[in-house]
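Chemist: Could you have a look at this structure, given as structure tokens, before my questions?
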Amino acid sequence: MAVVYQKPRGLTDAPLSYCPGCTHGIIHKLVAEALTGLGVMDKTVGVAPVGCSVLAYSFFDCDMVQSPHGRAPAVATGLKRVMPDNVVFTYQGDGDLAAIGTAETVHAAARGENITIIFVNNAIYGMTGGQMAPTTLPGQITQTTPYGRDVSGAGYPIRICEMLATLDGVAYAERVSVHDVPSVRKAGRAVKKAFQAQLDKKGFSLVEILSTCPTNWGLDPLESLQWLKDKMIPYYPLGVMKDLTGQGGGQL
Ligand code: SF4
Ligand code: MG
């Protein structure tokens, strides 16, 4: 029988813990494909966050360290500084990275740490039950904004990619999505580029990936992909925010 699909090397055989239709699984695959494609899986150390991807250490077939909530960039900083020849990445959601871990994220970027951050933005706190996150859209209904996020009291969403791109320590910042096949392919190229930038010792790299949360958005998987496209992308435009990698591509 012809093999039409195989799980990428770089992922373990552990069944993913994500809800049906959640795009975390696609993003895991892109990270594993990038690392195996670059031939660095055996010298990679990932840092797992707190959030839906808390079990990431079970899924990536490389060394993994579990970080306290939001502290993954600080843990990655330590790892990279003592093991500069290893590839070090964090895998973080928006609650972890853009709320609890804002300080660690911003300062690791400002220091130009030669690490790669995979930032999964689904505009909500997933694991804890669908509360408003810093990236929740204006008007978006969540468990803690039942009438929609009112920016007059709850403030405005944070565009992490644009914000970090202003810092001199950042070599590469791009926002991508996984709502359809072309987007997934483009996201895979961005992830690989970020890891290549680290191998080239260019400094801090971050790929923000717009992702779905069907469970807490109250939508089915297909509706979720459409909602991401129709609602999230207008607020979080896709594209390269900064690129000093020397690998080609533009800057906004
Ligand atoms: Fe994915 Fe949302 Fe389920 Fe978390 S709660 S695994 S983000 S669908
Ligand atoms: Mg989230």
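Numbering starts fresh at 1 for the residues of each chain in the structure tokens, the chains themselves are lettered A, B, ... in the order given, and ligands are numbered from 1 as they appear.
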Taking only C-alpha atoms and all ligand atoms into account, which residues are within 9 Å of ligand 1, as a list of chain:residue names?
Modeler: A:Ser17, A:Tyr18, A:Cys19, A:Pro20, A:Gly21, A:Cys22, A:Thr23, A:His24, A:Gly25, A:Gly51, A:Cys52, A:Ser53, A:Gly93, A:Asn122, A:Ile124, A:Tyr125, A:Gly126, A:Met127, A:Thr128, A:Gly129, A:Gly130, A:Ser211, A:Thr212, A:Cys213, A:Pro214, A:Thr215, A:Asn216, A:Trp217, A:Pro221
Chemist: Tell me, which residues of region 71-159 of chain A carry DSSP helix (DSSP H, G or I), written as a PyMOL selection string?
Modeler: chain A and resi 72-82+94-100+102-111+151-154
Chemist: Just N, CA, C and O atoms for this one: save the residues we selected as a compact mmCIF listing (two decimals), in the first residue's frame.
Modeler:
```txt
# COMPACT_ATOMS: atom_id res chain seq x y z
N ALA A 72 9.35 30.66 30.32
CA ALA A 72 10.09 29.88 29.32
C ALA A 72 11.25 30.66 28.68
O ALA A 72 12.33 30.09 28.50
N PRO A 73 11.09 31.95 28.34
CA PRO A 73 12.24 32.64 27.73
C PRO A 73 13.42 32.78 28.70
O PRO A 73 14.58 32.80 28.27
N ALA A 74 13.13 32.87 30.00
CA ALA A 74 14.22 32.94 30.98
C ALA A 74 14.92 31.59 31.09
O ALA A 74 16.16 31.52 31.15
N VAL A 75 14.13 30.52 31.09
CA VAL A 75 14.72 29.17 31.13
C VAL A 75 15.54 28.94 29.86
O VAL A 75 16.68 28.43 29.92
N ALA A 76 14.99 29.35 28.74
CA ALA A 76 15.70 29.18 27.46
C ALA A 76 16.99 29.99 27.44
O ALA A 76 18.01 29.56 26.89
N THR A 77 16.96 31.16 28.06
CA THR A 77 18.17 31.99 28.14
C THR A 77 19.29 31.24 28.85
O THR A 77 20.43 31.17 28.36
N GLY A 78 18.94 30.65 29.99
CA GLY A 78 19.95 29.89 30.74
C GLY A 78 20.48 28.71 29.95
O GLY A 78 21.70 28.47 29.90
N LEU A 79 19.57 27.97 29.34
CA LEU A 79 19.99 26.80 28.56
C LEU A 79 20.93 27.20 27.43
O LEU A 79 21.99 26.59 27.21
N LYS A 80 20.55 28.24 26.72
CA LYS A 80 21.34 28.63 25.55
C LYS A 80 22.71 29.17 25.95
O LYS A 80 23.72 28.93 25.28
N ARG A 81 22.74 29.88 27.06
CA ARG A 81 24.02 30.47 27.47
C ARG A 81 25.02 29.40 27.93
O ARG A 81 26.22 29.58 27.74
N VAL A 82 24.53 28.32 28.53
CA VAL A 82 25.47 27.28 28.96
C VAL A 82 25.69 26.24 27.85
O VAL A 82 26.66 25.49 27.91
N ASP A 94 -0.61 32.35 24.23
CA ASP A 94 -0.73 33.79 24.46
C ASP A 94 -0.92 34.12 25.95
O ASP A 94 -0.46 35.16 26.40
N GLY A 95 -1.57 33.26 26.70
CA GLY A 95 -1.67 33.52 28.12
C GLY A 95 -0.31 33.44 28.77
O GLY A 95 0.09 34.29 29.57
N ASP A 96 0.44 32.41 28.40
CA ASP A 96 1.77 32.18 28.96
C ASP A 96 2.74 33.28 28.55
O ASP A 96 3.43 33.87 29.38
N LEU A 97 2.78 33.59 27.26
CA LEU A 97 3.80 34.50 26.74
C LEU A 97 3.43 35.97 26.90
O LEU A 97 4.27 36.80 27.22
N ALA A 98 2.14 36.30 26.66
CA ALA A 98 1.78 37.71 26.55
C ALA A 98 1.12 38.27 27.81
O ALA A 98 0.77 39.44 27.85
N ALA A 99 0.91 37.41 28.82
CA ALA A 99 0.36 37.91 30.08
C ALA A 99 1.34 37.63 31.21
O ALA A 99 2.12 38.48 31.59
N ILE A 100 1.34 36.38 31.67
CA ILE A 100 2.19 36.02 32.80
C ILE A 100 3.67 36.23 32.46
O ILE A 100 4.45 36.65 33.30
N THR A 102 5.10 38.27 30.08
CA THR A 102 5.46 39.43 29.25
C THR A 102 6.87 39.92 29.54
O THR A 102 7.64 40.21 28.62
N ALA A 103 7.21 40.02 30.81
CA ALA A 103 8.52 40.56 31.15
C ALA A 103 9.64 39.68 30.60
O ALA A 103 10.60 40.18 30.00
N GLU A 104 9.50 38.36 30.82
CA GLU A 104 10.54 37.44 30.33
C GLU A 104 10.67 37.53 28.81
O GLU A 104 11.77 37.50 28.26
N THR A 105 9.54 37.64 28.14
CA THR A 105 9.55 37.70 26.68
C THR A 105 10.25 38.97 26.20
O THR A 105 11.16 38.92 25.35
N VAL A 106 9.82 40.09 26.73
CA VAL A 106 10.34 41.37 26.26
C VAL A 106 11.84 41.49 26.56
O VAL A 106 12.63 41.92 25.70
N HIS A 107 12.24 41.06 27.74
CA HIS A 107 13.65 41.24 28.09
C HIS A 107 14.57 40.23 27.39
O HIS A 107 15.71 40.58 27.05
N ALA A 108 14.08 39.03 27.15
CA ALA A 108 14.89 38.09 26.36
C ALA A 108 15.08 38.65 24.95
O ALA A 108 16.17 38.56 24.36
N ALA A 109 14.03 39.26 24.41
CA ALA A 109 14.13 39.88 23.08
C ALA A 109 15.07 41.08 23.11
O ALA A 109 15.90 41.25 22.21
N ALA A 110 14.93 41.91 24.15
CA ALA A 110 15.77 43.11 24.24
C ALA A 110 17.25 42.74 24.39
O ALA A 110 18.13 43.44 23.90
N ARG A 111 17.50 41.62 25.08
CA ARG A 111 18.90 41.18 25.25
C ARG A 111 19.44 40.52 23.99
O ARG A 111 20.64 40.27 23.88
N VAL A 151 -13.01 47.39 25.41
CA VAL A 151 -11.64 47.93 25.56
C VAL A 151 -11.60 49.10 26.54
O VAL A 151 -10.53 49.45 27.04
N SER A 152 -12.76 49.72 26.82
CA SER A 152 -12.74 50.85 27.75
C SER A 152 -12.37 50.40 29.15
O SER A 152 -11.83 51.18 29.94
N GLY A 153 -12.66 49.14 29.46
CA GLY A 153 -12.29 48.63 30.78
C GLY A 153 -11.21 47.57 30.71
O GLY A 153 -10.37 47.47 31.62
N ALA A 154 -11.22 46.78 29.66
CA ALA A 154 -10.31 45.61 29.57
C ALA A 154 -9.08 45.90 28.73
O ALA A 154 -8.21 45.03 28.59
```
Chemist: Quick one: everything within 10 Å of Met232 (chain A), counting only C-alpha atoms, minus sequence neighbours fewer than 3 positions away in the same chain. Send it as a ChimeraX atom specification.
Modeler: /A:121-123,135-137,177,210-212,226-229,235-238
Chemist: For Phe60 (chain A), please output as a PyMOL selection string all residues within 12 Å (counting only C-alpha atoms; exclusion window: fewer than 5 positions along the same chain).
Modeler: chain A and resi 7-16+25+27-36+41-42+44-48+53-55+65+89-91
